[in-house]
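J.: Below is the file my_file.cif, with mmCIF, C-alpha atoms.
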data_input
#
loop_
_atom_site.label_atom_id
_atom_site.label_comp_id
_atom_site.auth_asym_id
_atom_site.auth_seq_id
_atom_site.Cartn_x
_atom_site.Cartn_y
_atom_site.Cartn_z
CA MET Y 683 51.33 17.17 -53.00
CA GLY Y 684 50.50 20.89 -52.97
CA HIS Y 685 47.02 20.26 -51.62
CA GLU Y 686 48.41 17.95 -48.94
CA THR Y 687 50.65 20.78 -47.76
CA GLU Y 688 47.71 23.18 -47.63
CA LEU Y 689 45.58 20.67 -45.74
CA ARG Y 690 48.27 20.26 -43.09
CA GLN Y 691 48.04 24.02 -42.44
CA ILE Y 692 44.32 23.86 -41.60
CA GLU Y 693 43.60 24.06 -37.88
CA CYS Y 694 40.50 22.30 -36.53
CA LEU Y 695 39.30 23.86 -33.29
CA ASN Y 696 36.91 22.60 -30.65
CA ASN Y 697 34.60 24.66 -28.50
CA ARG Y 698 37.23 25.68 -25.94
CA GLN Y 699 39.85 26.62 -28.52
CA ILE Y 700 37.92 28.89 -30.91
CA TYR Y 701 37.61 31.97 -28.71
CA ARG Y 702 41.21 31.73 -27.49
CA ARG Y 703 42.58 31.38 -31.03
CA LEU Y 704 40.42 34.21 -32.38
CA MET Y 705 41.57 36.54 -29.60
CA GLN Y 706 45.20 35.60 -30.29
CA LEU Y 707 44.89 36.40 -34.00
CA ILE Y 708 43.11 39.71 -33.33
CA HIS Y 709 45.87 40.66 -30.89
CA GLN Y 710 48.52 39.88 -33.54
CA ALA Y 711 46.71 41.53 -36.48
CA THR Y 712 48.76 44.05 -38.44
CA HIS Y 713 46.64 45.13 -41.44
CA GLN Y 714 43.08 43.76 -41.59
CA LEU Y 715 40.25 42.38 -39.46
CA PHE Y 716 37.19 41.43 -41.51
CA LEU Y 717 34.57 39.90 -39.19
CA VAL Y 718 31.29 38.43 -40.48
CA SER Y 719 28.72 37.36 -37.89
CA PRO Y 720 24.90 37.57 -38.00
CA PHE Y 721 24.78 38.44 -34.30
CA ILE Y 722 27.34 40.49 -32.38
CA ASP Y 723 27.68 41.04 -28.63
CA PRO Y 724 31.41 41.08 -27.81
CA ASN Y 725 32.62 40.74 -24.25
CA ARG Y 726 34.92 43.38 -22.77
CA PRO Y 727 38.24 41.58 -23.56
CA MET Y 728 37.32 41.21 -27.25
CA LEU Y 729 36.05 44.79 -27.43
CA ALA Y 730 39.35 45.98 -25.94
CA GLU Y 731 41.34 44.00 -28.54
CA LEU Y 732 39.25 45.41 -31.43
CA VAL Y 733 39.66 48.98 -30.16
CA ALA Y 734 43.41 48.42 -29.71
CA ALA Y 735 43.71 46.99 -33.24
CA ALA Y 736 41.92 49.99 -34.76
CA ASN Y 737 44.08 52.38 -32.76
CA ARG Y 738 47.29 50.81 -34.10
CA GLY Y 739 46.13 51.24 -37.70
CA VAL Y 740 44.50 47.88 -38.50
CA ARG Y 741 41.53 48.16 -40.88
CA VAL Y 742 38.60 46.74 -38.90
CA GLU Y 743 35.26 45.95 -40.58
CA LEU Y 744 32.18 44.18 -39.21
CA ARG Y 745 29.32 42.59 -41.15
CA PHE Y 746 26.06 41.62 -39.41
CA ARG Y 747 22.44 40.77 -40.21
CA ASP Y 748 20.38 43.75 -41.33
CA LEU Y 749 17.56 43.07 -38.83
CA GLU Y 750 19.95 43.87 -35.97
CA THR Y 751 21.17 47.28 -37.18
CA GLU Y 752 18.91 49.60 -35.19
CA LYS Y 753 19.43 47.62 -32.00
CA TYR Y 754 23.21 47.69 -32.40
CA ARG Y 755 23.27 51.47 -32.95
CA ARG Y 756 22.18 51.88 -29.31
CA THR Y 757 24.82 49.60 -27.78
CA ARG Y 758 28.00 50.69 -26.03
CA TRP Y 759 30.19 48.32 -28.04
CA PHE Y 760 28.93 49.74 -31.38
CA ASN Y 761 29.65 53.32 -30.35
CA ALA Y 762 33.03 52.44 -28.84
CA LEU Y 763 34.09 50.82 -32.13
CA ALA Y 764 32.61 53.62 -34.22
CA ASP Y 765 34.67 56.14 -32.26
CA VAL Y 766 37.93 54.46 -33.32
CA GLY Y 767 36.98 54.21 -37.01
CA VAL Y 768 35.57 50.68 -37.33
CA ARG Y 769 33.39 50.25 -40.43
CA PHE Y 770 30.03 48.45 -40.34
CA CYS Y 771 27.83 46.87 -43.01
CA GLU Y 772 24.48 45.11 -42.81
CA VAL Y 773 23.77 42.02 -44.92
CA PRO Y 774 20.24 40.67 -45.60
CA ARG Y 775 19.63 37.07 -44.49
CA LEU Y 776 23.20 36.71 -43.28
CA HIS Y 777 23.96 33.40 -41.59
CA SER Y 778 27.68 32.88 -42.32
CA LYS Y 779 30.31 33.25 -39.62
CA ILE Y 780 33.67 34.07 -41.22
CA TYR Y 781 36.58 35.90 -39.64
CA VAL Y 782 39.50 37.08 -41.79
CA ILE Y 783 42.54 38.21 -39.82
CA ASP Y 784 45.50 39.20 -42.00
CA ASP Y 785 46.37 35.99 -43.90
CA ARG Y 786 44.13 33.66 -41.88
CA LEU Y 787 40.46 32.81 -42.38
CA ILE Y 788 38.30 31.22 -39.69
CA ARG Y 789 35.13 29.41 -40.86
CA SER Y 790 33.09 28.74 -37.75
CA SER Y 791 29.68 28.05 -36.27
CA MET Y 792 30.43 30.67 -33.59
CA ASN Y 793 28.78 34.09 -33.58
CA LEU Y 794 30.64 37.03 -32.04
CA THR Y 795 28.48 36.84 -28.93
CA ARG Y 796 29.19 36.12 -25.29
CA SER Y 797 26.93 33.06 -25.28
CA SER Y 798 28.79 31.59 -28.26
CA PHE Y 799 32.15 32.27 -26.59
CA HIS Y 800 31.41 30.57 -23.29
CA THR Y 801 28.14 28.59 -23.40
CA ASN Y 802 27.34 27.10 -26.81
CA LEU Y 803 29.00 24.06 -28.37
CA GLU Y 804 30.83 25.34 -31.45
CA ASN Y 805 33.49 24.26 -33.96
CA ALA Y 806 35.79 26.04 -36.39
CA GLN Y 807 38.53 25.61 -38.96
CA VAL Y 808 41.39 28.06 -39.56
CA PHE Y 809 42.60 28.27 -43.16
CA PRO Y 810 45.54 30.08 -44.77
CA MET Y 811 44.23 32.78 -47.13
CA ARG Y 812 45.55 31.70 -50.54
CA ARG Y 813 44.34 31.87 -54.12
CA ASP Y 814 44.08 28.12 -54.38
CA PRO Y 815 41.26 25.98 -55.84
CA LEU Y 816 40.99 24.25 -52.45
CA PHE Y 817 39.74 27.49 -50.89
CA ALA Y 818 37.79 28.84 -53.89
CA ALA Y 819 34.41 28.19 -52.23
CA LEU Y 820 35.38 30.22 -49.16
CA LEU Y 821 36.53 33.15 -51.29
CA ASP Y 822 33.33 32.95 -53.35
CA GLU Y 823 31.28 33.06 -50.14
CA LEU Y 824 33.09 36.21 -49.02
CA THR Y 825 32.54 37.80 -52.43
CA GLY Y 826 28.82 37.00 -52.28
CA ILE Y 827 28.52 38.56 -48.82
CA GLU Y 828 30.25 41.75 -49.99
CA ARG Y 829 27.92 42.07 -52.99
CA ARG Y 830 24.90 42.13 -50.67
CA ALA Y 831 26.49 44.27 -47.94
CA ARG Y 832 25.13 47.78 -47.28
CA PRO Y 833 27.19 50.35 -45.37
CA VAL Y 834 25.80 51.39 -42.00
CA SER Y 835 26.15 55.11 -41.42
CA VAL Y 836 27.58 56.21 -38.09
CA LEU Y 837 27.05 59.67 -36.63
CA GLN Y 838 30.33 61.46 -36.00
CA PRO Y 839 31.01 61.64 -32.25
CA ARG Y 840 30.37 65.13 -30.84
CA LEU Y 841 33.60 64.99 -28.84
CA PRO Y 842 35.94 62.69 -30.82
CA PHE Y 843 38.35 60.31 -29.14
CA ARG Y 844 40.89 60.50 -31.95
CA ASP Y 845 42.19 63.90 -33.02
CA THR Y 846 45.85 64.36 -33.91
CA ARG Y 847 45.60 68.08 -33.14
CA CYS Y 848 44.84 67.43 -29.47
CA PRO Y 849 47.53 67.22 -26.79
CA GLN Y 850 47.88 63.81 -25.15
CA GLY Y 851 45.82 62.90 -22.11
CA PHE Y 852 45.05 59.73 -20.19
CA CYS Y 853 41.91 57.75 -19.36
CA ILE Y 854 41.20 58.43 -15.69
CA HIS Y 855 40.07 54.81 -15.21
CA CYS Y 856 42.66 52.69 -17.05
CA ALA Y 857 45.37 55.29 -18.03
CA ARG Y 858 45.21 54.50 -21.77
CA SER Y 859 46.53 57.32 -23.95
CA ILE Y 860 43.68 59.49 -25.32
CA PRO Y 861 43.28 63.13 -26.44
CA LEU Y 862 43.32 65.64 -23.58
CA ASN Y 863 39.68 66.64 -23.08
CA PRO Y 864 38.35 67.24 -19.54
CA LYS Y 865 34.77 66.85 -20.84
CA ARG Y 866 35.52 63.26 -21.88
CA PRO Y 867 38.33 61.93 -19.70
CA TYR Y 868 37.69 58.24 -20.52
CA CYS Y 869 38.88 55.94 -23.30
CA PRO Y 870 36.07 54.60 -25.57
CA LEU Y 871 35.56 51.46 -23.49
CA ASP Y 872 35.32 53.20 -20.15
CA TYR Y 873 33.39 56.18 -21.51
CA TYR Y 874 30.34 54.19 -22.61
CA GLU Y 875 30.44 52.21 -19.40
CA SER Y 876 30.64 55.44 -17.39
CA LEU Y 877 27.38 56.70 -18.90
CA THR Y 878 25.39 54.03 -17.09
CA THR Y 879 27.55 52.78 -14.23
CA ARG Y 880 29.50 55.79 -12.97
CA ALA Y 881 28.18 58.94 -11.33
CA PRO Y 882 30.10 62.21 -11.93
CA VAL Y 883 31.75 61.81 -8.53
CA HIS Y 884 32.68 58.13 -8.98
CA GLN Y 885 36.26 57.57 -7.90
CA ASP Y 886 38.81 56.69 -10.59
CA TRP Y 887 42.56 56.33 -10.33
CA HIS Y 888 44.54 58.49 -12.79
CA CYS Y 889 44.98 62.16 -13.62
CA HIS Y 890 43.58 62.90 -17.08
CA GLN Y 891 46.42 65.33 -17.89
CA CYS Y 892 49.59 63.71 -16.51
CA GLY Y 893 48.46 60.10 -16.03
CA GLU Y 894 49.82 59.87 -12.50
CA ARG Y 895 48.07 57.74 -9.90
CA THR Y 896 45.59 59.96 -8.02
CA GLU Y 897 41.97 60.24 -7.02
CA ALA Y 898 39.92 61.40 -10.01
CA SER Y 899 36.36 61.47 -11.29
CA ARG Y 900 34.40 62.64 -14.31
CA ALA Y 901 33.64 65.88 -12.45
CA HIS Y 902 37.27 66.35 -11.33
CA PRO Y 903 39.48 64.53 -13.85
CA ARG Y 904 42.81 66.25 -13.07
CA CYS Y 905 45.10 66.19 -10.07
CA GLU Y 906 45.60 69.36 -8.04
CA ALA Y 907 48.96 70.16 -9.66
CA CYS Y 908 47.59 69.85 -13.23
CA GLU Y 909 44.46 71.78 -12.32
CA ALA Y 910 46.59 74.60 -10.94
CA SER Y 911 48.88 74.64 -13.99
CA SER Y 912 45.99 74.73 -16.47
CA SER Y 913 45.50 78.45 -17.08
CA ALA Y 914 42.97 78.04 -19.91
CA PRO Y 915 40.99 74.79 -19.57
CA GLY Y 916 38.37 76.02 -22.06
CA LYS Y 917 40.99 76.20 -24.82
CA ILE Y 918 41.66 72.47 -24.54
CA LEU Y 919 37.98 71.67 -25.08
CA ARG Y 920 37.65 73.95 -28.12
CA TRP Y 921 40.77 72.41 -29.64
CA SER Y 922 39.59 68.83 -29.10
CA THR Y 923 36.20 69.52 -30.71
CA GLY Y 924 37.78 71.18 -33.73
CA ARG Y 925 36.44 74.67 -32.97
CA SER Y 926 38.57 77.77 -33.25
CA ALA Y 927 39.86 79.19 -29.98
#
Would you write out, as structure tokens, the structure that this file holds?
T.:
Amino acid sequence: MGHETELRQIECLNNRQIYRRLMQLIHQATHQLFLVSPFIDPNRPMLAELVAAANRGVRVELRFRDLETEKYRRTRWFNALADVGVRFCEVPRLHSKIYVIDDRLIRSSMNLTRSSFHTNLENAQVFPMRRDPLFAALLDELTGIERRARPVSVLQPRLPFRDTRCPQGFCIHCARSIPLNPKRPYCPLDYYESLTTRAPVHQDWHCHQCGERTEASRAHPRCEACEASSSAPGKILRWSTGRSA
């Protein structure tokens, strides 16, 4: 009878349901996101949810195939996640796709890639995470992956996005709350996009200091009122980089 109850809690998902359910669980996560996928290329909505989860204190960890490590180090998504404290490990010969979100485990054929989300034919099952003989094989698989996992070192960002000593600022593109730093007036998502798609004079829509709707750019991130009231803009930058004023 106990196993019948557990079986009724298993969700079987078709191709159209997997991505939607995974995004829902990531959005609702409160303490852990443990994502195992040989290949990773998240779209912008998923990247935004992972960054948001890390920013609200969820422990986010990614495991991927070791042959992809050097390529991933150069991607915008890797650096955006590294900037908010996501931890990465490489695993030799990894082929499993397992996603643990709080007390749910998704065993799927789907990689965390855009083609898997929207093009490939995939399937998945969502299990409750319990110490039960029915799920022993899944837990053993996770244990085996962790034994072979090797941490991937991440260089500390030169101008960090997260610093509790910094006064609050706003992303000039989307108005998310970030440390006040005129040299980096974007949130992690928009910053790495700005490096390749936005010129210094590209028009954005929010003041970096007060968050009000205004014309802004990487070269001129603050509105006229905030610019006039800032008597020592250099002090903000030294504070945000951890240097003494």
J.: Applying 6 Å and only C-alpha atoms, which residues near Asn805 of chain Y remain after dropping the ones on its own chain fewer than 3 positions away? List them as a list of chain:residue names.
T.: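 That gives Y:Leu695, Y:Asn696, Y:Asn697, Y:Ser790, Y:Ser791.
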J.: I need the residue set behind the PyMOL selection byres ((chain Y and resi 822-838) around 12) for this file; please write it as a ChimeraX atom specification.
T.: /Y:716-720,743-748,750-752,754-756,760-782,787-789,811,813-821,839-844,923
J.: Give the answer as one residue: which of Y:Glu906, Y:Asp886, Y:Glu693, Y:Glu894 has the shortest atom-to-atom distance to Gly851 of chain Y, using only C-alpha atoms?
T.: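 Counting only C-alpha atoms, the residue closest to Gly851 of chain Y is Y:Glu894.
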J.: Between Y:His713, Y:Arg858, Y:Arg900, Y:Arg895, single out the one closest to Ala736 of chain Y, counting all atoms listed in the file.
T.: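 Of all the options, Y:His713 lies closest to Ala736 of chain Y.
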J.: Written as number ranges by chain, which residues does the PyMOL selection byres ((chain Y and resi 703-708) around 9) give for the file shown?
T.: Y: 695, 699-702, 709-712, 715, 727-728, 731-732, 735, 781, 783-784, 786, 788
J.: Just how far from atom CA of Pro810 of chain Y is atom CA of Gln714 of chain Y, in Å to one decimal?
T.: 14.3 Å
J.: Given the file shown, determine the residues that the PyMOL selection byres ((chain Y and resi 798) around 10) selects; report them as a list in words.
T.: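 That expression, the PyMOL selection byres ((chain Y and resi 798) around 10), corresponds here to Asn697, Ile700, Tyr701, Phe721, Ile722, Asp723, Pro724, Ser791, Met792, Asn793, Leu794, Thr795, Arg796, Ser797, Phe799, His800, Thr801, Asn802, Leu803 and Glu804 of chain Y.
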J.: Keeping only C-alpha atoms, write the selected residues to a file as a PDB file, in the coordinates of the input.
T.:
ATOM      1  CA  ASN Y 697      34.600  24.660 -28.500  1.00  0.00           C
ATOM      2  CA  ILE Y 700      37.920  28.890 -30.910  1.00  0.00           C
ATOM      3  CA  TYR Y 701      37.610  31.970 -28.710  1.00  0.00           C
ATOM      4  CA  PHE Y 721      24.780  38.440 -34.300  1.00  0.00           C
ATOM      5  CA  ILE Y 722      27.340  40.490 -32.380  1.00  0.00           C
ATOM      6  CA  ASP Y 723      27.680  41.040 -28.630  1.00  0.00           C
ATOM      7  CA  PRO Y 724      31.410  41.080 -27.810  1.00  0.00           C
ATOM      8  CA  SER Y 791      29.680  28.050 -36.270  1.00  0.00           C
ATOM      9  CA  MET Y 792      30.430  30.670 -33.590  1.00  0.00           C
ATOM     10  CA  ASN Y 793      28.780  34.090 -33.580  1.00  0.00           C
ATOM     11  CA  LEU Y 794      30.640  37.030 -32.040  1.00  0.00           C
ATOM     12  CA  THR Y 795      28.480  36.840 -28.930  1.00  0.00           C
ATOM     13  CA  ARG Y 796      29.190  36.120 -25.290  1.00  0.00           C
ATOM     14  CA  SER Y 797      26.930  33.060 -25.280  1.00  0.00           C
ATOM     15  CA  PHE Y 799      32.150  32.270 -26.590  1.00  0.00           C
ATOM     16  CA  HIS Y 800      31.410  30.570 -23.290  1.00  0.00           C
ATOM     17  CA  THR Y 801      28.140  28.590 -23.400  1.00  0.00           C
ATOM     18  CA  ASN Y 802      27.340  27.100 -26.810  1.00  0.00           C
ATOM     19  CA  LEU Y 803      29.000  24.060 -28.370  1.00  0.00           C
ATOM     20  CA  GLU Y 804      30.830  25.340 -31.450  1.00  0.00           C
TER      21      GLU Y 804
END
J.: Have a look at Y:Val733, Y:Cys908, Y:Pro870, Y:His888 and name the one nearest to Cys856 of chain Y; count all atoms listed in the file.
T.: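 That would be Y:His888, the residue with the smallest distance to Cys856 of chain Y.
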J.: Could you state the separation of atom CA of Arg738 of chain Y and atom CA of Tyr873 of chain Y in Å, given to one decimal place?
T.: 19.5 Å
J.: Interatomic distance between atom CA of Leu871 of chain Y and atom CA of Trp759 of chain Y?
T.: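 Atom CA of Leu871 of chain Y sits 7.7 Å away from atom CA of Trp759 of chain Y.
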J.: Could you tell me which of Y:Ala910, Y:Ala901, Y:Asn737, Y:Asn725 comes closest to Ile854 of chain Y if we count all atoms listed in the file?
T.: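 Among Y:Ala910, Y:Ala901, Y:Asn737, Y:Asn725, it is Y:Ala901 that comes nearest to Ile854 of chain Y.
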J.: Find the residues around Arg904 of chain Y up to 10 Å (only C-alpha atoms counted), leave out those fewer than 4 positions away in its own chain, and share them as a list in words.
T.: Phe852, Ile854, Pro864, Pro867, His888, Cys889, His890, Gln891, Cys892, Gly893, Glu894, Thr896, Glu897, Ala898, Ser899, Arg900, Cys908, Glu909, Ala910 and Ser912 of chain Y
